[in-house]
file upload-v8.tsv (TSV, N, CA and C atoms)
chain	number	residue	atom	x	y	z
X	1	MET	N	-4.06	44.03	34.42
X	1	MET	CA	-2.80	43.46	34.01
X	1	MET	C	-2.73	43.26	32.51
X	2	ALA	N	-3.81	43.54	31.81
X	2	ALA	CA	-3.81	43.34	30.36
X	2	ALA	C	-2.87	44.33	29.68
X	3	ASP	N	-2.73	45.53	30.24
X	3	ASP	CA	-1.88	46.54	29.62
X	3	ASP	C	-0.42	46.41	30.06
X	4	ALA	N	-0.15	45.64	31.09
X	4	ALA	CA	1.21	45.55	31.63
X	4	ALA	C	2.12	44.79	30.68
X	5	ASP	N	3.38	45.19	30.68
X	5	ASP	CA	4.37	44.46	29.92
X	5	ASP	C	4.62	43.14	30.61
X	6	LEU	N	5.03	42.18	29.83
X	6	LEU	CA	5.24	40.84	30.38
X	6	LEU	C	6.42	40.81	31.35
X	7	ASP	N	7.42	41.65	31.16
X	7	ASP	CA	8.55	41.65	32.09
X	7	ASP	C	8.12	42.12	33.48
X	8	VAL	N	7.18	43.06	33.54
X	8	VAL	CA	6.66	43.52	34.83
X	8	VAL	C	5.87	42.40	35.50
X	9	VAL	N	5.11	41.66	34.72
X	9	VAL	CA	4.33	40.55	35.26
X	9	VAL	C	5.25	39.46	35.80
X	10	ILE	N	6.34	39.18	35.07
X	10	ILE	CA	7.30	38.16	35.52
X	10	ILE	C	7.90	38.57	36.86
X	11	ARG	N	8.30	39.83	36.97
X	11	ARG	CA	8.88	40.29	38.22
X	11	ARG	C	7.88	40.24	39.38
X	12	GLN	N	6.63	40.56	39.08
X	12	GLN	CA	5.59	40.54	40.12
X	12	GLN	C	5.33	39.11	40.60
X	13	LEU	N	5.27	38.17	39.67
X	13	LEU	CA	5.06	36.77	40.06
X	13	LEU	C	6.24	36.24	40.88
X	14	ALA	N	7.45	36.63	40.49
X	14	ALA	CA	8.62	36.20	41.24
X	14	ALA	C	8.59	36.76	42.65
X	15	ARG	N	8.15	37.99	42.79
X	15	ARG	CA	8.06	38.62	44.11
X	15	ARG	C	7.04	37.86	44.98
X	16	GLN	N	5.92	37.46	44.38
X	16	GLN	CA	4.92	36.70	45.12
X	16	GLN	C	5.47	35.35	45.55
X	17	LEU	N	6.19	34.67	44.64
X	17	LEU	CA	6.78	33.38	44.98
X	17	LEU	C	7.84	33.52	46.07
X	18	HIS	N	8.62	34.58	45.99
X	18	HIS	CA	9.65	34.84	46.99
X	18	HIS	C	9.02	35.04	48.36
X	19	THR	N	7.95	35.82	48.41
X	19	THR	CA	7.26	36.07	49.68
X	19	THR	C	6.69	34.78	50.26
X	20	GLY	N	6.05	33.98	49.41
X	20	GLY	CA	5.47	32.72	49.87
X	20	GLY	C	6.53	31.75	50.36
X	21	LEU	N	7.63	31.66	49.63
X	21	LEU	CA	8.72	30.77	50.02
X	21	LEU	C	9.31	31.16	51.37
X	22	MET	N	9.56	32.45	51.55
X	22	MET	CA	10.15	32.90	52.81
X	22	MET	C	9.17	32.76	53.97
X	23	THR	N	7.89	32.95	53.71
X	23	THR	CA	6.88	32.76	54.77
X	23	THR	C	6.87	31.32	55.25
X	24	ARG	N	6.87	30.39	54.30
X	24	ARG	CA	6.86	28.96	54.67
X	24	ARG	C	8.15	28.57	55.39
X	25	ALA	N	9.27	29.12	54.95
X	25	ALA	CA	10.54	28.81	55.59
X	25	ALA	C	10.56	29.32	57.03
X	26	LYS	N	10.01	30.50	57.26
X	26	LYS	CA	9.97	31.05	58.62
X	26	LYS	C	9.05	30.22	59.51
X	27	GLU	N	7.95	29.73	58.94
X	27	GLU	CA	7.05	28.87	59.71
X	27	GLU	C	7.77	27.58	60.11
X	28	ARG	N	8.51	27.01	59.19
X	28	ARG	CA	9.23	25.77	59.48
X	28	ARG	C	10.35	26.03	60.50
X	29	ARG	N	11.04	27.16	60.35
X	29	ARG	CA	12.09	27.53	61.31
X	29	ARG	C	11.50	27.66	62.72
X	30	ASP	N	10.35	28.34	62.80
X	30	ASP	CA	9.70	28.51	64.11
X	30	ASP	C	9.28	27.17	64.70
X	31	ARG	N	8.84	26.27	63.85
X	31	ARG	CA	8.45	24.94	64.31
X	31	ARG	C	9.66	24.20	64.89
X	32	PHE	N	10.79	24.25	64.18
X	32	PHE	CA	11.99	23.59	64.68
X	32	PHE	C	12.48	24.24	65.97
X	33	ASN	N	12.37	25.55	66.06
X	33	ASN	CA	12.79	26.23	67.29
X	33	ASN	C	11.88	25.86	68.47
X	34	SER	N	10.58	25.69	68.21
X	34	SER	CA	9.69	25.27	69.29
X	34	SER	C	9.98	23.83	69.70
X	35	LEU	N	10.33	22.99	68.74
X	35	LEU	CA	10.71	21.61	69.08
X	35	LEU	C	12.02	21.61	69.89
X	36	ALA	N	12.92	22.53	69.54
X	36	ALA	CA	14.18	22.64	70.28
X	36	ALA	C	13.91	23.07	71.72
X	37	ALA	N	12.95	23.95	71.91
X	37	ALA	CA	12.63	24.41	73.26
X	37	ALA	C	12.02	23.29	74.09
X	38	LYS	N	11.29	22.39	73.43
X	38	LYS	CA	10.63	21.30	74.14
X	38	LYS	C	11.54	20.08	74.31
X	39	ALA	N	12.67	20.08	73.63
X	39	ALA	CA	13.54	18.90	73.67
X	39	ALA	C	14.10	18.67	75.07
X	40	LYS	N	14.25	17.41	75.41
X	40	LYS	CA	14.73	17.04	76.75
X	40	LYS	C	16.26	17.10	76.83
X	41	GLY	N	16.92	16.59	75.79
X	41	GLY	CA	18.39	16.51	75.86
X	41	GLY	C	19.06	17.62	75.06
X	42	LYS	N	20.34	17.82	75.38
X	42	LYS	CA	21.11	18.87	74.71
X	42	LYS	C	21.34	18.52	73.24
X	43	ASP	N	21.60	17.24	72.95
X	43	ASP	CA	21.86	16.86	71.56
X	43	ASP	C	20.63	17.06	70.69
X	44	ALA	N	19.44	16.74	71.20
X	44	ALA	CA	18.20	16.94	70.43
X	44	ALA	C	17.94	18.43	70.21
X	45	ARG	N	18.19	19.22	71.25
X	45	ARG	CA	17.99	20.67	71.14
X	45	ARG	C	18.94	21.27	70.10
X	46	ASP	N	20.20	20.85	70.13
X	46	ASP	CA	21.18	21.36	69.16
X	46	ASP	C	20.82	20.94	67.73
X	47	ARG	N	20.34	19.70	67.61
X	47	ARG	CA	19.95	19.21	66.28
X	47	ARG	C	18.79	20.03	65.72
X	48	PHE	N	17.77	20.31	66.53
X	48	PHE	CA	16.63	21.10	66.06
X	48	PHE	C	17.03	22.53	65.72
X	49	LYS	N	17.92	23.11	66.52
X	49	LYS	CA	18.40	24.46	66.22
X	49	LYS	C	19.19	24.48	64.92
X	50	MET	N	20.00	23.45	64.71
X	50	MET	CA	20.77	23.36	63.48
X	50	MET	C	19.85	23.18	62.27
X	51	MET	N	18.79	22.40	62.44
X	51	MET	CA	17.82	22.22	61.36
X	51	MET	C	17.10	23.53	61.05
X	52	ALA	N	16.79	24.31	62.08
X	52	ALA	CA	16.13	25.60	61.88
X	52	ALA	C	17.05	26.55	61.11
X	53	LYS	N	18.32	26.56	61.50
X	53	LYS	CA	19.29	27.43	60.82
X	53	LYS	C	19.49	26.99	59.38
X	54	ALA	N	19.60	25.70	59.15
X	54	ALA	CA	19.80	25.17	57.79
X	54	ALA	C	18.57	25.45	56.92
X	55	THR	N	17.40	25.37	57.50
X	55	THR	CA	16.17	25.66	56.75
X	55	THR	C	16.19	27.08	56.23
X	56	MET	N	16.56	28.02	57.09
X	56	MET	CA	16.59	29.42	56.65
X	56	MET	C	17.68	29.67	55.61
X	57	GLU	N	18.83	29.05	55.78
X	57	GLU	CA	19.91	29.23	54.81
X	57	GLU	C	19.51	28.69	53.44
X	58	LEU	N	18.92	27.49	53.42
X	58	LEU	CA	18.52	26.89	52.15
X	58	LEU	C	17.38	27.67	51.49
X	59	ALA	N	16.44	28.11	52.31
X	59	ALA	CA	15.32	28.88	51.75
X	59	ALA	C	15.80	30.22	51.20
X	60	THR	N	16.74	30.85	51.89
X	60	THR	CA	17.27	32.13	51.42
X	60	THR	C	18.00	31.97	50.10
X	61	SER	N	18.80	30.91	50.00
X	61	SER	CA	19.53	30.70	48.74
X	61	SER	C	18.57	30.33	47.60
X	62	ALA	N	17.54	29.55	47.90
X	62	ALA	CA	16.56	29.20	46.87
X	62	ALA	C	15.79	30.45	46.41
X	63	ALA	N	15.44	31.30	47.36
X	63	ALA	CA	14.73	32.53	47.02
X	63	ALA	C	15.61	33.46	46.18
X	64	ARG	N	16.89	33.51	46.50
X	64	ARG	CA	17.81	34.35	45.74
X	64	ARG	C	17.96	33.83	44.31
X	65	ARG	N	18.06	32.50	44.15
X	65	ARG	CA	18.15	31.91	42.80
X	65	ARG	C	16.87	32.16	42.02
X	66	LEU	N	15.73	32.04	42.69
X	66	LEU	CA	14.45	32.31	42.04
X	66	LEU	C	14.37	33.74	41.56
X	67	GLN	N	14.80	34.67	42.39
X	67	GLN	CA	14.75	36.09	42.04
X	67	GLN	C	15.70	36.40	40.88
X	68	MET	N	16.91	35.84	40.93
X	68	MET	CA	17.87	36.08	39.84
X	68	MET	C	17.36	35.51	38.53
X	69	SER	N	16.77	34.34	38.59
X	69	SER	CA	16.23	33.70	37.39
X	69	SER	C	15.10	34.54	36.80
X	70	ALA	N	14.22	35.02	37.64
X	70	ALA	CA	13.11	35.85	37.15
X	70	ALA	C	13.62	37.16	36.58
X	71	ASP	N	14.62	37.76	37.21
X	71	ASP	CA	15.20	39.00	36.68
X	71	ASP	C	15.83	38.77	35.32
X	72	ASN	N	16.55	37.66	35.17
X	72	ASN	CA	17.17	37.35	33.89
X	72	ASN	C	16.13	37.15	32.79
X	73	VAL	N	15.06	36.45	33.11
X	73	VAL	CA	14.00	36.22	32.12
X	73	VAL	C	13.31	37.53	31.75
X	74	ALA	N	13.01	38.34	32.75
X	74	ALA	CA	12.34	39.61	32.49
X	74	ALA	C	13.23	40.55	31.68
X	75	ASP	N	14.52	40.60	32.00
X	75	ASP	CA	15.44	41.44	31.24
X	75	ASP	C	15.57	40.96	29.80
X	76	SER	N	15.65	39.64	29.63
X	76	SER	CA	15.76	39.06	28.30
X	76	SER	C	14.52	39.38	27.46
X	77	TYR	N	13.36	39.25	28.08
X	77	TYR	CA	12.12	39.56	27.36
X	77	TYR	C	12.07	41.03	26.98
X	78	ALA	N	12.39	41.91	27.91
X	78	ALA	CA	12.35	43.35	27.63
X	78	ALA	C	13.35	43.71	26.52
X	79	ARG	N	14.52	43.10	26.55
X	79	ARG	CA	15.53	43.35	25.52
X	79	ARG	C	15.04	42.88	24.15
X	80	SER	N	14.42	41.71	24.09
X	80	SER	CA	13.94	41.20	22.81
X	80	SER	C	12.79	42.05	22.26
X	81	VAL	N	11.95	42.57	23.15
X	81	VAL	CA	10.86	43.44	22.70
X	81	VAL	C	11.42	44.75	22.16
X	82	ARG	N	12.41	45.32	22.86
X	82	ARG	CA	13.05	46.55	22.36
X	82	ARG	C	13.71	46.32	21.01
X	83	LEU	N	14.38	45.18	20.87
X	83	LEU	CA	15.04	44.86	19.61
X	83	LEU	C	14.02	44.69	18.49
X	84	ALA	N	12.93	44.02	18.78
X	84	ALA	CA	11.89	43.82	17.77
X	84	ALA	C	11.24	45.15	17.39
X	85	ALA	N	11.10	46.04	18.35
X	85	ALA	CA	10.48	47.34	18.07
X	85	ALA	C	11.40	48.23	17.24
X	86	SER	N	12.70	48.07	17.40
X	86	SER	CA	13.63	48.93	16.66
X	86	SER	C	13.97	48.39	15.27
X	87	THR	N	13.66	47.15	15.00
X	87	THR	CA	13.94	46.55	13.69
X	87	THR	C	12.88	47.01	12.70
X	88	PRO	N	13.30	47.59	11.56
X	88	PRO	CA	12.30	48.02	10.58
X	88	PRO	C	11.62	46.83	9.92
X	89	VAL	N	10.36	47.01	9.63
X	89	VAL	CA	9.57	45.96	9.01
X	89	VAL	C	9.55	46.19	7.52
X	90	ALA	N	9.83	45.15	6.73
X	90	ALA	CA	9.80	45.27	5.28
X	90	ALA	C	8.34	45.34	4.83
X	91	GLU	N	8.06	46.36	4.04
X	91	GLU	CA	6.68	46.53	3.57
X	91	GLU	C	6.47	45.76	2.28
X	92	LYS	N	5.30	45.20	2.14
X	92	LYS	CA	4.97	44.46	0.93
X	92	LYS	C	4.45	45.43	-0.12
X	93	ALA	N	4.73	45.12	-1.38
X	93	ALA	CA	4.21	45.93	-2.47
X	93	ALA	C	2.71	45.70	-2.56
X	94	PRO	N	1.96	46.74	-2.88
X	94	PRO	CA	0.52	46.56	-2.96
X	94	PRO	C	0.16	45.55	-4.05
X	95	ALA	N	-0.67	44.63	-3.70
X	95	ALA	CA	-1.06	43.59	-4.64
X	95	ALA	C	-2.37	44.00	-5.31
X	96	THR	N	-2.25	44.73	-6.43
X	96	THR	CA	-3.45	45.16	-7.13
X	96	THR	C	-3.95	44.08	-8.07
X	97	GLU	N	-3.03	43.45	-8.76
X	97	GLU	CA	-3.42	42.38	-9.67
X	97	GLU	C	-2.70	41.10	-9.27
X	98	LYS	N	-3.47	40.06	-9.22
X	98	LYS	CA	-2.88	38.77	-8.91
X	98	LYS	C	-2.51	38.10	-10.22
X	99	PRO	N	-1.36	37.48	-10.28
X	99	PRO	CA	-0.98	36.81	-11.52
X	99	PRO	C	-1.93	35.64	-11.79
X	100	VAL	N	-2.31	35.53	-13.03
X	100	VAL	CA	-3.24	34.48	-13.42
X	100	VAL	C	-2.42	33.25	-13.78
X	101	LYS	N	-2.79	32.16	-13.18
X	101	LYS	CA	-2.10	30.91	-13.48
X	101	LYS	C	-2.82	30.25	-14.65
X	102	GLU	N	-2.04	29.89	-15.63
X	102	GLU	CA	-2.62	29.21	-16.79
X	102	GLU	C	-2.68	27.72	-16.50
X	103	LYS	N	-3.83	27.17	-16.84
X	103	LYS	CA	-3.99	25.75	-16.62
X	103	LYS	C	-3.43	25.02	-17.85
X	104	PRO	N	-2.66	23.99	-17.63
X	104	PRO	CA	-2.13	23.26	-18.78
X	104	PRO	C	-3.27	22.55	-19.52
X	105	ALA	N	-3.15	22.52	-20.84
X	105	ALA	CA	-4.17	21.86	-21.66
X	105	ALA	C	-4.14	20.36	-21.40
X	106	LYS	N	-5.33	19.78	-21.41
X	106	LYS	CA	-5.40	18.35	-21.17
X	106	LYS	C	-4.92	17.61	-22.41
X	107	LYS	N	-4.14	16.61	-22.18
X	107	LYS	CA	-3.61	15.82	-23.29
X	107	LYS	C	-4.68	14.83	-23.73
X	108	ALA	N	-4.78	14.71	-25.04
X	108	ALA	CA	-5.74	13.76	-25.59
X	108	ALA	C	-5.18	12.36	-25.40
X	109	LYS	N	-6.04	11.50	-24.97
X	109	LYS	CA	-5.60	10.13	-24.77
X	109	LYS	C	-5.68	9.39	-26.11
X	110	ALA	N	-4.60	8.83	-26.45
X	110	ALA	CA	-4.55	8.09	-27.73
X	110	ALA	C	-4.96	6.64	-27.46
X	111	LYS	N	-5.86	6.18	-28.31
X	111	LYS	CA	-6.29	4.80	-28.15
X	111	LYS	C	-5.37	3.93	-29.00
X	112	THR	N	-4.82	2.97	-28.37
X	112	THR	CA	-3.96	2.05	-29.10
X	112	THR	C	-4.49	0.65	-28.95
X	113	LYS	N	-4.46	-0.04	-30.06
X	113	LYS	CA	-4.92	-1.43	-30.03
X	113	LYS	C	-3.68	-2.32	-30.07
X	114	LYS	N	-3.77	-3.34	-29.36
X	114	LYS	CA	-2.69	-4.31	-29.37
X	114	LYS	C	-2.91	-5.26	-30.52
X	115	THR	N	-1.92	-5.44	-31.30
X	115	THR	CA	-2.02	-6.38	-32.43
X	115	THR	C	-1.20	-7.61	-32.11
X	116	LYS	N	-1.75	-8.73	-32.57
X	116	LYS	CA	-1.07	-10.00	-32.33
X	116	LYS	C	-0.35	-10.47	-33.52

call {"tool": "encode", "arguments": {"input": "upload-v8.tsv", "output": "structure tokens"}}
result
Amino acid sequence: MADADLDVVIRQLARQLHTGLMTRAKERRDRFNSLAAKAKGKDARDRFKMMAKATMELATSAARRLQMSADNVADSYARSVRLAASTPVAEKAPATEKPVKEKPAKKAKAKTKKTK
């Protein structure tokens, strides 16, 4: 990954996060569905099914926002790298001689006596 561009790495990490998020959401959905199957009353069963459905909807929307955010960041980075690569760099003039700074001469301290 040392040679990879950072935008590719960003997209890869987002894909991993997306996969993990959806896996956890499916596990939770399955748990709610199993609780719905074990429920005694109709209202409890409906509530668990609704929770399972809501879990998947929320996880899907969160995953979509995560993916869009990562795509925007990766595109922005790639665009800035392209822009930086296309901008010409100002070359410095060769510094063969460095200017010599002259040190200021030290001022002589004048001795003054106080007279009364």

call {"tool": "select_by_dssp", "arguments": {"input": "upload-v8.tsv", "residues": "segment 26-97 of chain X", "states": "alpha helix (DSSP H)", "output": "ChimeraX atom specification"}}
result
/X:26-38,42-86

call {"tool": "atom_distance", "arguments": {"input": "upload-v8.tsv", "atom1": "atom CA of Ala59 of chain X", "atom2": "atom CA of Thr23 of chain X"}}
result
9.8 Å

call {"tool": "residues_around", "arguments": {"input": "upload-v8.tsv", "residues": "Phe48 of chain X", "least_positions_apart": "4", "cutoff": "7 Å", "atoms": "all atoms listed in the file", "output": "list in words"}}
result
Phe32, Asn33, Leu35, Ala36, Asp43, Ala44, Ala52 and Lys53 of chain X

call {"tool": "closest_residue", "arguments": {"input": "upload-v8.tsv", "among": "X:Leu21, X:Ala90, X:Met50, X:Ile10", "to": "Ala70 of chain X", "atoms": "only N, CA and C atoms"}}
result
X:Ile10

call {"tool": "atom_distance", "arguments": {"input": "upload-v8.tsv", "atom1": "atom CA of Arg11 of chain X", "atom2": "atom CA of Tyr77 of chain X"}}
result
11.4 Å

call {"tool": "atom_distance", "arguments": {"input": "upload-v8.tsv", "atom1": "atom CA of Gln16 of chain X", "atom2": "atom CA of Ser61 of chain X"}}
result
16.2 Å

call {"tool": "axis_aligned_box", "arguments": {"input": "upload-v8.tsv", "around": "segment 69-86 of chain X", "padding_each_side": "3 Å", "output": "JSON"}}
result
{"center_x": 13.8, "center_y": 41.3, "center_z": 26.9, "size_x": 12.7, "size_y": 21.2, "size_z": 29.3}

call {"tool": "closest_residue", "arguments": {"input": "upload-v8.tsv", "among": "X:Ala74, X:Leu66, X:Val81, X:Met51", "to": "Arg15 of chain X", "atoms": "all atoms listed in the file"}}
result
X:Leu66

call {"tool": "build_atoms", "arguments": {"input": "upload-v8.tsv", "residues": "segment 19-30 of chain X", "atoms": "all heavy atoms", "output": "compact mmCIF listing (two decimals), in the coordinates of the input"}}
result
# COMPACT_ATOMS: atom_id res chain seq x y z
N THR X 19 7.95 35.82 48.41
CA THR X 19 7.26 36.07 49.68
C THR X 19 6.69 34.78 50.26
O THR X 19 6.83 34.50 51.45
CB THR X 19 6.14 37.10 49.48
OG1 THR X 19 6.70 38.28 48.91
CG2 THR X 19 5.44 37.43 50.78
N GLY X 20 6.05 33.98 49.41
CA GLY X 20 5.47 32.72 49.87
C GLY X 20 6.53 31.75 50.36
O GLY X 20 6.36 31.09 51.40
N LEU X 21 7.63 31.66 49.63
CA LEU X 21 8.72 30.77 50.02
C LEU X 21 9.31 31.16 51.37
O LEU X 21 9.52 30.32 52.25
CB LEU X 21 9.80 30.78 48.94
CG LEU X 21 11.06 29.96 49.22
CD1 LEU X 21 10.72 28.48 49.26
CD2 LEU X 21 12.09 30.23 48.16
N MET X 22 9.56 32.45 51.55
CA MET X 22 10.15 32.90 52.81
C MET X 22 9.17 32.76 53.97
O MET X 22 9.59 32.44 55.10
CB MET X 22 10.63 34.36 52.68
CG MET X 22 11.82 34.51 51.74
SD MET X 22 13.18 33.37 52.06
CE MET X 22 13.74 33.93 53.64
N THR X 23 7.89 32.95 53.71
CA THR X 23 6.88 32.76 54.77
C THR X 23 6.87 31.32 55.25
O THR X 23 6.86 31.05 56.46
CB THR X 23 5.49 33.17 54.25
OG1 THR X 23 5.54 34.53 53.83
CG2 THR X 23 4.43 33.00 55.33
N ARG X 24 6.87 30.39 54.30
CA ARG X 24 6.86 28.96 54.67
C ARG X 24 8.15 28.57 55.39
O ARG X 24 8.13 27.78 56.34
CB ARG X 24 6.71 28.09 53.42
CG ARG X 24 5.41 28.29 52.70
CD ARG X 24 4.27 27.66 53.48
NE ARG X 24 3.06 27.75 52.70
CZ ARG X 24 1.99 28.43 53.07
NH1 ARG X 24 1.97 29.06 54.20
NH2 ARG X 24 0.92 28.47 52.32
N ALA X 25 9.27 29.12 54.95
CA ALA X 25 10.54 28.81 55.59
C ALA X 25 10.56 29.32 57.03
O ALA X 25 11.06 28.64 57.94
CB ALA X 25 11.70 29.42 54.80
N LYS X 26 10.01 30.50 57.26
CA LYS X 26 9.97 31.05 58.62
C LYS X 26 9.05 30.22 59.51
O LYS X 26 9.34 30.02 60.70
CB LYS X 26 9.52 32.51 58.59
CG LYS X 26 10.59 33.43 58.04
CD LYS X 26 10.10 34.84 57.91
CE LYS X 26 11.16 35.72 57.26
NZ LYS X 26 10.69 37.08 57.02
N GLU X 27 7.95 29.73 58.94
CA GLU X 27 7.05 28.87 59.71
C GLU X 27 7.77 27.58 60.11
O GLU X 27 7.67 27.14 61.26
CB GLU X 27 5.81 28.52 58.89
CG GLU X 27 4.84 29.67 58.72
CD GLU X 27 3.70 29.33 57.77
OE1 GLU X 27 3.65 28.19 57.24
OE2 GLU X 27 2.86 30.21 57.54
N ARG X 28 8.51 27.01 59.19
CA ARG X 28 9.23 25.77 59.48
C ARG X 28 10.35 26.03 60.50
O ARG X 28 10.57 25.23 61.40
CB ARG X 28 9.82 25.18 58.20
CG ARG X 28 10.51 23.86 58.46
CD ARG X 28 10.70 23.10 57.23
NE ARG X 28 9.38 22.67 56.76
CZ ARG X 28 9.20 21.61 55.99
NH1 ARG X 28 10.22 20.91 55.59
NH2 ARG X 28 8.00 21.26 55.61
N ARG X 29 11.04 27.16 60.35
CA ARG X 29 12.09 27.53 61.31
C ARG X 29 11.50 27.66 62.72
O ARG X 29 12.06 27.14 63.69
CB ARG X 29 12.74 28.85 60.90
CG ARG X 29 13.82 29.31 61.88
CD ARG X 29 14.14 30.74 61.73
NE ARG X 29 12.94 31.55 61.98
CZ ARG X 29 12.84 32.83 61.71
NH1 ARG X 29 13.84 33.47 61.15
NH2 ARG X 29 11.73 33.49 61.98
N ASP X 30 10.35 28.34 62.80
CA ASP X 30 9.70 28.51 64.11
C ASP X 30 9.28 27.17 64.70
O ASP X 30 9.36 26.96 65.91
CB ASP X 30 8.50 29.44 63.98
CG ASP X 30 8.90 30.87 63.63
OD1 ASP X 30 10.09 31.22 63.82
OD2 ASP X 30 8.03 31.63 63.16
